[in-house]
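Dumped query-v7.cif below, it's mmCIF, C-alpha atoms:
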data_coords
loop_
_atom_site.label_atom_id
_atom_site.label_comp_id
_atom_site.auth_asym_id
_atom_site.auth_seq_id
_atom_site.Cartn_x
_atom_site.Cartn_y
_atom_site.Cartn_z
CA MET R 1 -9.64 0.04 -15.37
CA SER R 2 -7.60 -3.15 -15.24
CA SER R 3 -4.45 -2.60 -13.22
CA ILE R 4 -2.49 -4.52 -15.84
CA ALA R 5 -3.74 -2.22 -18.62
CA SER R 6 -3.13 1.01 -16.69
CA THR R 7 0.29 -0.22 -15.61
CA ARG R 8 1.22 -0.93 -19.22
CA ILE R 9 0.13 2.58 -20.23
CA LEU R 10 2.31 4.08 -17.49
CA LEU R 11 5.23 1.92 -18.60
CA GLU R 12 4.89 3.26 -22.14
CA GLU R 13 4.92 6.81 -20.72
CA GLY R 14 8.30 6.20 -19.07
CA VAL R 15 7.03 5.66 -15.52
CA GLU R 16 8.00 2.64 -13.42
CA PRO R 17 4.58 1.52 -12.10
CA ILE R 18 3.44 -0.90 -9.42
CA MET R 19 0.69 -3.23 -10.59
CA GLN R 20 -1.96 -4.27 -8.08
CA MET R 21 -3.31 -7.81 -7.83
CA THR R 22 -6.30 -8.56 -5.59
CA CYS R 23 -7.65 -11.92 -4.44
CA ARG R 24 -11.27 -10.75 -4.27
CA ASP R 25 -11.96 -11.09 -8.00
CA ARG R 26 -9.89 -14.07 -9.16
CA ASN R 27 -9.11 -17.65 -8.29
CA ARG R 28 -5.53 -18.96 -8.29
CA ILE R 29 -5.69 -20.00 -11.95
CA ALA R 30 -6.72 -16.52 -13.11
CA MET R 31 -4.16 -14.80 -10.87
CA GLN R 32 -1.28 -16.90 -12.17
CA SER R 33 -2.43 -16.29 -15.73
CA ASP R 34 -2.65 -12.53 -15.17
CA LEU R 35 0.73 -12.43 -13.44
CA LEU R 36 2.46 -14.27 -16.27
CA GLY R 37 0.71 -12.01 -18.78
CA ALA R 38 1.85 -8.93 -16.88
CA ALA R 39 5.43 -10.22 -16.80
CA ALA R 40 5.29 -10.79 -20.56
CA LEU R 41 4.20 -7.14 -20.98
CA GLY R 42 7.19 -5.90 -19.01
CA MET R 43 5.72 -5.38 -15.54
CA GLU R 44 8.27 -5.92 -12.79
CA ASN R 45 6.53 -4.69 -9.61
CA VAL R 46 3.36 -6.12 -8.07
CA LEU R 47 1.44 -5.16 -4.94
CA CYS R 48 -0.38 -8.19 -3.50
CA LEU R 49 -3.69 -7.42 -1.80
CA THR R 50 -6.58 -9.48 -0.47
CA GLY R 51 -8.94 -6.75 -1.68
CA ASP R 52 -11.77 -4.98 0.15
CA HIS R 53 -14.95 -7.01 0.44
CA GLN R 54 -17.39 -6.19 -2.36
CA ARG R 55 -20.01 -5.04 0.12
CA PHE R 56 -17.94 -1.87 0.63
CA GLY R 57 -18.08 -0.96 -3.07
CA ASP R 58 -20.77 -0.01 -5.57
CA ASN R 59 -21.40 -3.63 -6.60
CA PRO R 60 -22.25 -5.27 -3.27
CA GLU R 61 -24.21 -8.01 -5.04
CA ALA R 62 -21.05 -9.27 -6.79
CA LYS R 63 -19.74 -12.68 -5.78
CA GLY R 64 -16.34 -12.59 -4.10
CA VAL R 65 -13.75 -15.26 -4.91
CA PHE R 66 -11.03 -15.05 -2.22
CA ASP R 67 -9.48 -18.35 -3.31
CA LEU R 68 -6.23 -17.07 -1.81
CA ASP R 69 -5.51 -14.33 0.71
CA SER R 70 -2.74 -11.74 0.43
CA VAL R 71 -0.14 -13.85 2.28
CA GLN R 72 -0.85 -16.82 0.00
CA LEU R 73 -0.73 -14.55 -3.06
CA ILE R 74 2.68 -13.25 -2.00
CA ALA R 75 3.88 -16.85 -1.67
CA THR R 76 2.41 -17.61 -5.10
CA VAL R 77 4.34 -14.78 -6.76
CA ALA R 78 7.51 -15.86 -4.94
CA GLN R 79 6.99 -19.40 -6.26
CA LEU R 80 6.50 -18.07 -9.80
CA ASN R 81 9.76 -16.15 -9.36
CA SER R 82 11.47 -19.44 -8.48
CA GLY R 83 10.22 -20.95 -11.74
CA TYR R 84 7.25 -23.02 -10.60
CA LEU R 85 3.48 -22.76 -10.87
CA LEU R 86 1.34 -23.53 -7.81
CA SER R 87 0.67 -26.95 -9.33
CA GLY R 88 4.40 -27.66 -9.03
CA LYS R 89 4.90 -27.58 -12.79
CA GLU R 90 8.21 -26.04 -13.81
CA MET R 91 8.15 -23.11 -16.23
CA LYS R 92 10.61 -22.56 -19.08
CA LYS R 93 11.08 -18.94 -18.05
CA ALA R 94 10.33 -17.45 -14.65
CA PRO R 95 9.21 -13.86 -14.00
CA GLN R 96 11.26 -11.68 -11.69
CA PHE R 97 8.71 -9.65 -9.77
CA LEU R 98 9.54 -7.22 -6.99
CA ILE R 99 6.84 -8.25 -4.52
CA GLY R 100 4.93 -5.71 -2.46
CA ALA R 101 2.31 -5.97 0.26
CA ALA R 102 0.16 -3.68 2.37
CA ALA R 103 0.19 -3.19 6.14
CA ASN R 104 -2.24 -1.45 8.46
CA PRO R 105 -0.48 -0.45 11.70
CA PHE R 106 -3.74 0.97 13.08
CA ALA R 107 -6.12 -2.00 12.93
CA GLU R 108 -7.09 -3.97 15.99
CA PRO R 109 -5.75 -5.97 17.69
CA PHE R 110 -2.50 -4.01 17.65
CA GLU R 111 -0.40 -7.02 18.69
CA MET R 112 -1.37 -8.87 15.51
CA ARG R 113 -0.12 -6.13 13.16
CA VAL R 114 3.57 -7.07 13.46
CA ILE R 115 2.77 -10.78 13.39
CA ARG R 116 0.89 -10.37 10.12
CA LEU R 117 3.70 -8.25 8.69
CA HIS R 118 6.16 -11.00 9.59
CA LYS R 119 4.00 -13.56 7.75
CA LYS R 120 4.03 -11.42 4.60
CA ILE R 121 7.79 -10.99 4.72
CA GLU R 122 8.28 -14.70 5.34
CA ALA R 123 6.06 -15.41 2.32
CA GLY R 124 8.35 -13.32 0.12
CA ALA R 125 7.41 -9.62 0.31
CA HIS R 126 10.20 -7.22 -0.65
CA PHE R 127 8.44 -3.95 0.19
CA ILE R 128 5.49 -2.77 2.29
CA GLN R 129 3.10 0.14 1.74
CA THR R 130 1.22 1.19 4.88
CA GLN R 131 -2.19 2.73 5.34
CA PRO R 132 -2.18 6.56 5.57
CA VAL R 133 -0.60 7.83 8.76
CA PHE R 134 -2.79 10.24 10.72
CA ASP R 135 -1.71 8.97 14.15
CA LEU R 136 2.05 9.36 14.52
CA GLU R 137 2.11 8.06 18.10
CA LEU R 138 0.54 4.73 17.17
CA PHE R 139 2.59 4.43 13.98
CA THR R 140 5.80 5.07 15.94
CA ARG R 141 4.86 2.32 18.41
CA TRP R 142 4.25 -0.07 15.50
CA MET R 143 7.60 0.79 13.90
CA GLU R 144 9.37 0.24 17.21
CA LYS R 145 7.95 -3.30 17.26
CA VAL R 146 8.93 -3.77 13.61
CA VAL R 147 12.53 -2.67 14.31
CA GLU R 148 12.67 -4.73 17.48
CA ALA R 149 11.81 -7.81 15.39
CA GLY R 150 14.37 -6.82 12.73
CA LEU R 151 11.72 -6.81 10.01
CA HIS R 152 12.84 -3.43 8.62
CA GLU R 153 16.10 -5.11 7.58
CA GLN R 154 14.27 -7.78 5.61
CA CYS R 155 11.78 -5.57 3.79
CA ALA R 156 11.52 -1.90 2.76
CA ILE R 157 8.79 -0.06 4.70
CA PHE R 158 7.05 2.84 2.92
CA ALA R 159 4.82 4.93 5.18
CA GLY R 160 1.54 6.11 3.68
CA VAL R 161 0.77 9.84 3.58
CA MET R 162 -2.54 11.20 2.28
CA PRO R 163 -3.02 14.94 1.73
CA VAL R 164 -6.64 15.98 2.34
CA ARG R 165 -8.55 19.02 1.13
CA SER R 166 -11.32 19.23 3.73
CA VAL R 167 -12.32 18.20 7.23
CA ARG R 168 -15.12 16.20 5.64
CA ALA R 169 -12.53 13.88 4.08
CA LEU R 170 -10.91 13.25 7.46
CA LEU R 171 -14.24 12.60 9.16
CA TYR R 172 -15.33 10.25 6.38
CA MET R 173 -12.20 8.14 6.81
CA LYS R 174 -12.55 8.20 10.58
CA ASP R 175 -16.16 7.01 10.47
CA ASN R 176 -16.26 4.79 7.39
CA VAL R 177 -12.84 3.32 6.64
CA PRO R 178 -12.08 0.22 8.76
CA GLY R 179 -8.81 0.37 10.67
CA MET R 180 -8.23 4.12 10.23
CA LYS R 181 -7.02 6.18 13.17
CA ILE R 182 -7.25 9.98 12.89
CA ASN R 183 -5.59 12.22 15.46
CA GLY R 184 -8.22 14.66 16.74
CA GLY R 185 -5.77 17.54 16.43
CA TYR R 186 -5.75 17.22 12.64
CA VAL R 187 -9.54 17.34 12.55
CA GLU R 188 -9.57 20.49 14.66
CA ARG R 189 -6.95 22.15 12.48
CA MET R 190 -8.88 21.42 9.29
CA GLU R 191 -12.13 22.67 10.88
CA ASN R 192 -10.53 25.99 11.86
CA ALA R 193 -8.42 26.51 8.74
CA THR R 194 -9.01 29.64 6.64
CA ASP R 195 -7.70 27.69 3.63
CA PRO R 196 -8.36 23.94 4.20
CA LYS R 197 -6.35 22.88 1.13
CA GLU R 198 -3.29 24.78 2.30
CA GLU R 199 -3.71 23.35 5.80
CA GLY R 200 -4.05 19.85 4.36
CA VAL R 201 -0.74 20.23 2.53
CA GLY R 202 0.85 21.61 5.69
CA ILE R 203 -0.31 18.63 7.72
CA ALA R 204 0.98 16.18 5.11
CA VAL R 205 4.37 17.92 5.02
CA GLU R 206 4.58 17.83 8.84
CA ILE R 207 3.73 14.12 8.89
CA ILE R 208 6.37 13.38 6.24
CA SER R 209 8.95 15.34 8.25
CA GLU R 210 8.19 13.26 11.33
CA LEU R 211 8.21 9.98 9.39
CA LYS R 212 11.67 10.72 8.01
CA ASN R 213 13.03 10.57 11.56
CA ILE R 214 11.44 7.25 12.48
CA THR R 215 13.93 4.38 12.45
CA GLY R 216 13.06 1.72 9.89
CA VAL R 217 11.02 3.89 7.51
CA ARG R 218 12.62 3.54 4.06
CA GLY R 219 10.39 5.93 2.13
CA ILE R 220 7.03 7.60 1.67
CA HIS R 221 3.98 6.25 -0.17
CA LEU R 222 1.89 9.23 -1.31
CA LEU R 223 -1.87 8.66 -1.61
CA PRO R 224 -3.35 11.85 -3.13
CA VAL R 225 -6.80 10.36 -3.63
CA MET R 226 -8.73 12.51 -6.15
CA TRP R 227 -6.05 15.21 -5.71
CA GLU R 228 -3.23 14.03 -7.94
CA SER R 229 -2.39 17.59 -9.01
CA ILE R 230 -1.01 18.37 -5.55
CA VAL R 231 1.85 15.85 -5.87
CA PRO R 232 4.50 18.25 -7.32
CA THR R 233 3.78 20.79 -4.57
CA LEU R 234 3.92 18.14 -1.86
CA VAL R 235 7.13 16.60 -3.18
CA LYS R 236 8.80 20.03 -3.29
CA GLU R 237 7.63 21.28 0.12
CA ALA R 238 8.41 17.97 1.84
CA GLU R 239 11.81 17.82 0.09
CA LEU R 240 11.18 14.26 -1.07
CA ILE R 241 13.55 14.56 -4.02
CA GLU R 242 17.12 15.73 -3.64
CA ASN R 243 18.34 18.25 -6.19
#

How would this structure read if it were set down as structure tokens?
Amino acid sequence: MSSIASTRILLEEGVEPIMQMTCRDRNRIAMQSDLLGAAALGMENVLCLTGDHQRFGDNPEAKGVFDLDSVQLIATVAQLNSGYLLSGKEMKKAPQFLIGAAANPFAEPFEMRVIRLHKKIEAGAHFIQTQPVFDLELFTRWMEKVVEAGLHEQCAIFAGVMPVRSVRALLYMKDNVPGMKINGGYVERMENATDPKEEGVGIAVEIISELKNITGVRGIHLLPVMWESIVPTLVKEAELIEN
């Protein structure tokens, strides 16, 4: 479903949503049009993504656009916020988007991860959602570099956490999702678990607990893929909401 449409539905249900905008499917004209349309419908938050290449999906024969990349899209939204289209034409009313971006601390080369984050913040990103954390050691090293560069003071960092229900899910991500790093200890625990779902929640809660103590992490980005029903349990057990 269109992210704009689903975001509008959530808005009507009293939820503050984050709309996603990807560069894979649209050129700069279409993206600006969609962004202005979304603003007119009351959307205030947008996550700017390049978008996975179509060969990874179920329509590999589709033609990708990629007129802009995620950094350029962030800059485009920032320019719209300032009251100007990419053409330089001034608008009568500017949107006021809170601009988000994604970061993958686990992709290679590691040294480029902070550099790319810096580019996104320089372009205008206000918040960052990271890939799911299944390697706390590597994520901690990345955050140390982020803090060293002072980037955590310029942008809110939300660490990704994905609860999993089976070892098969972990192995699939490890073998098929580019840039994913899975600590072998989590795989072993899921393999030996009497109740894999319970173990998956336990692992997620442990990861959240560790992330809370990492300097520079502003919050948690839950990714309960195909397991949305577990969110209330996870929020309660991880004490993500103060009473």

Taking only residues of range 124-219 of chain R that have an atom at most 8 Å from an atom of range 97-115 of chain R, what is each one's shortest atom pair and its distance in Å to one decimal, using only C-alpha atoms, in chain and number order, as JSON lines?
{"residue": "R:Gly124", "atom": "CA", "partner": "R:Ile99", "partner_atom": "CA", "distance": 7.0}
{"residue": "R:Ala125", "atom": "CA", "partner": "R:Ile99", "partner_atom": "CA", "distance": 5.1}
{"residue": "R:His126", "atom": "CA", "partner": "R:Ile99", "partner_atom": "CA", "distance": 5.2}
{"residue": "R:Phe127", "atom": "CA", "partner": "R:Gly100", "partner_atom": "CA", "distance": 4.7}
{"residue": "R:Ile128", "atom": "CA", "partner": "R:Ala101", "partner_atom": "CA", "distance": 4.9}
{"residue": "R:Gln129", "atom": "CA", "partner": "R:Ala102", "partner_atom": "CA", "distance": 4.9}
{"residue": "R:Thr130", "atom": "CA", "partner": "R:Ala103", "partner_atom": "CA", "distance": 4.7}
{"residue": "R:Gln131", "atom": "CA", "partner": "R:Asn104", "partner_atom": "CA", "distance": 5.2}
{"residue": "R:Leu138", "atom": "CA", "partner": "R:Phe106", "partner_atom": "CA", "distance": 7.0}
{"residue": "R:Phe139", "atom": "CA", "partner": "R:Pro105", "partner_atom": "CA", "distance": 6.2}
{"residue": "R:Trp142", "atom": "CA", "partner": "R:Pro105", "partner_atom": "CA", "distance": 6.1}
{"residue": "R:Lys145", "atom": "CA", "partner": "R:Val114", "partner_atom": "CA", "distance": 6.9}
{"residue": "R:Val146", "atom": "CA", "partner": "R:Val114", "partner_atom": "CA", "distance": 6.3}
{"residue": "R:Pro178", "atom": "CA", "partner": "R:Ala107", "partner_atom": "CA", "distance": 7.6}
{"residue": "R:Gly179", "atom": "CA", "partner": "R:Ala107", "partner_atom": "CA", "distance": 4.2}
{"residue": "R:Met180", "atom": "CA", "partner": "R:Phe106", "partner_atom": "CA", "distance": 6.2}
{"residue": "R:Lys181", "atom": "CA", "partner": "R:Phe106", "partner_atom": "CA", "distance": 6.2}

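You will find CA of Asn45 in chain R at 9.7 Å from CA of Thr7 in chain R.
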
Picked residues, the PyMOL selection byres ((chain R and resi 183) around 12), as a PDB file with C-alpha atoms, in the coordinates of the input:
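Generated output (part-v5.pdb):
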ATOM      1  CA  PHE R 106      -3.740   0.970  13.080  1.00  0.00           C
ATOM      2  CA  PRO R 132      -2.180   6.560   5.570  1.00  0.00           C
ATOM      3  CA  VAL R 133      -0.600   7.830   8.760  1.00  0.00           C
ATOM      4  CA  PHE R 134      -2.790  10.240  10.720  1.00  0.00           C
ATOM      5  CA  ASP R 135      -1.710   8.970  14.150  1.00  0.00           C
ATOM      6  CA  LEU R 136       2.050   9.360  14.520  1.00  0.00           C
ATOM      7  CA  GLU R 137       2.110   8.060  18.100  1.00  0.00           C
ATOM      8  CA  LEU R 138       0.540   4.730  17.170  1.00  0.00           C
ATOM      9  CA  PHE R 139       2.590   4.430  13.980  1.00  0.00           C
ATOM     10  CA  LEU R 170     -10.910  13.250   7.460  1.00  0.00           C
ATOM     11  CA  LEU R 171     -14.240  12.600   9.160  1.00  0.00           C
ATOM     12  CA  MET R 173     -12.200   8.140   6.810  1.00  0.00           C
ATOM     13  CA  LYS R 174     -12.550   8.200  10.580  1.00  0.00           C
ATOM     14  CA  MET R 180      -8.230   4.120  10.230  1.00  0.00           C
ATOM     15  CA  LYS R 181      -7.020   6.180  13.170  1.00  0.00           C
ATOM     16  CA  ILE R 182      -7.250   9.980  12.890  1.00  0.00           C
ATOM     17  CA  GLY R 184      -8.220  14.660  16.740  1.00  0.00           C
ATOM     18  CA  GLY R 185      -5.770  17.540  16.430  1.00  0.00           C
ATOM     19  CA  TYR R 186      -5.750  17.220  12.640  1.00  0.00           C
ATOM     20  CA  VAL R 187      -9.540  17.340  12.550  1.00  0.00           C
ATOM     21  CA  GLU R 188      -9.570  20.490  14.660  1.00  0.00           C
ATOM     22  CA  ARG R 189      -6.950  22.150  12.480  1.00  0.00           C
ATOM     23  CA  MET R 190      -8.880  21.420   9.290  1.00  0.00           C
ATOM     24  CA  ILE R 203      -0.310  18.630   7.720  1.00  0.00           C
ATOM     25  CA  ILE R 207       3.730  14.120   8.890  1.00  0.00           C
TER      26      ILE R 207
END

Check which residues satisfy the PyMOL selection byres ((chain R and resi 65) around 8) in the file shown, then give them as a ChimeraX atom specification. /R:23-27,63-64,66-67

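Of note, CA of Gly42 in chain R and CA of Val71 in chain R are spaced 23.9 Å apart.
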
Name the residues that the PyMOL selection byres ((chain R and resi 220) around 12) pulls out of this structure, and write them as a compact mmCIF listing (two decimals) with C-alpha atoms, in the frame of the given file.
# COMPACT_ATOMS: atom_id res chain seq x y z
CA PHE R 127 8.44 -3.95 0.19
CA ILE R 128 5.49 -2.77 2.29
CA GLN R 129 3.10 0.14 1.74
CA THR R 130 1.22 1.19 4.88
CA GLN R 131 -2.19 2.73 5.34
CA PRO R 132 -2.18 6.56 5.57
CA VAL R 133 -0.60 7.83 8.76
CA ALA R 156 11.52 -1.90 2.76
CA ILE R 157 8.79 -0.06 4.70
CA PHE R 158 7.05 2.84 2.92
CA ALA R 159 4.82 4.93 5.18
CA GLY R 160 1.54 6.11 3.68
CA VAL R 161 0.77 9.84 3.58
CA MET R 162 -2.54 11.20 2.28
CA ALA R 204 0.98 16.18 5.11
CA VAL R 205 4.37 17.92 5.02
CA ILE R 207 3.73 14.12 8.89
CA ILE R 208 6.37 13.38 6.24
CA SER R 209 8.95 15.34 8.25
CA GLU R 210 8.19 13.26 11.33
CA LEU R 211 8.21 9.98 9.39
CA LYS R 212 11.67 10.72 8.01
CA ASN R 213 13.03 10.57 11.56
CA ILE R 214 11.44 7.25 12.48
CA GLY R 216 13.06 1.72 9.89
CA VAL R 217 11.02 3.89 7.51
CA ARG R 218 12.62 3.54 4.06
CA GLY R 219 10.39 5.93 2.13
CA HIS R 221 3.98 6.25 -0.17
CA LEU R 222 1.89 9.23 -1.31
CA LEU R 223 -1.87 8.66 -1.61
CA LEU R 234 3.92 18.14 -1.86
CA VAL R 235 7.13 16.60 -3.18
CA ALA R 238 8.41 17.97 1.84
CA GLU R 239 11.81 17.82 0.09
CA LEU R 240 11.18 14.26 -1.07
CA ILE R 241 13.55 14.56 -4.02

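Proximity to Gln154 in chain R was assessed for R:Glu191, R:Asp175, R:Glu122, R:Asp34 counting all atoms listed in the file; the smallest distance is recorded for R:Glu122.
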
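Minimum atom-to-atom distance to Asp52 in chain R, evaluated using all atoms listed in the file, belongs to R:Val177 out of R:Val177, R:Ser3, R:Leu35, R:Arg168.
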
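With all atoms listed in the file as the basis for measurement, R:Leu41 is the residue among R:Gly200, R:Ala62, R:Lys92, R:Leu41 that approaches Leu10 in chain R most closely.
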
So how far away is CA of Arg28 in chain R from CA of Ala78 in chain R, in Å? 13.8 Å

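When only C-alpha atoms are used to measure the gap to Glu44 in chain R, the shortest distance among R:Gln20, R:Gln96, R:Ile74, R:Ser6 belongs to R:Gln96.
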
For a quick check of understanding, using all atoms listed in the file, which of R:Asn81, R:Thr76, R:Thr22, R:Thr215 has the smallest distance to Gln54 in chain R? R:Thr22
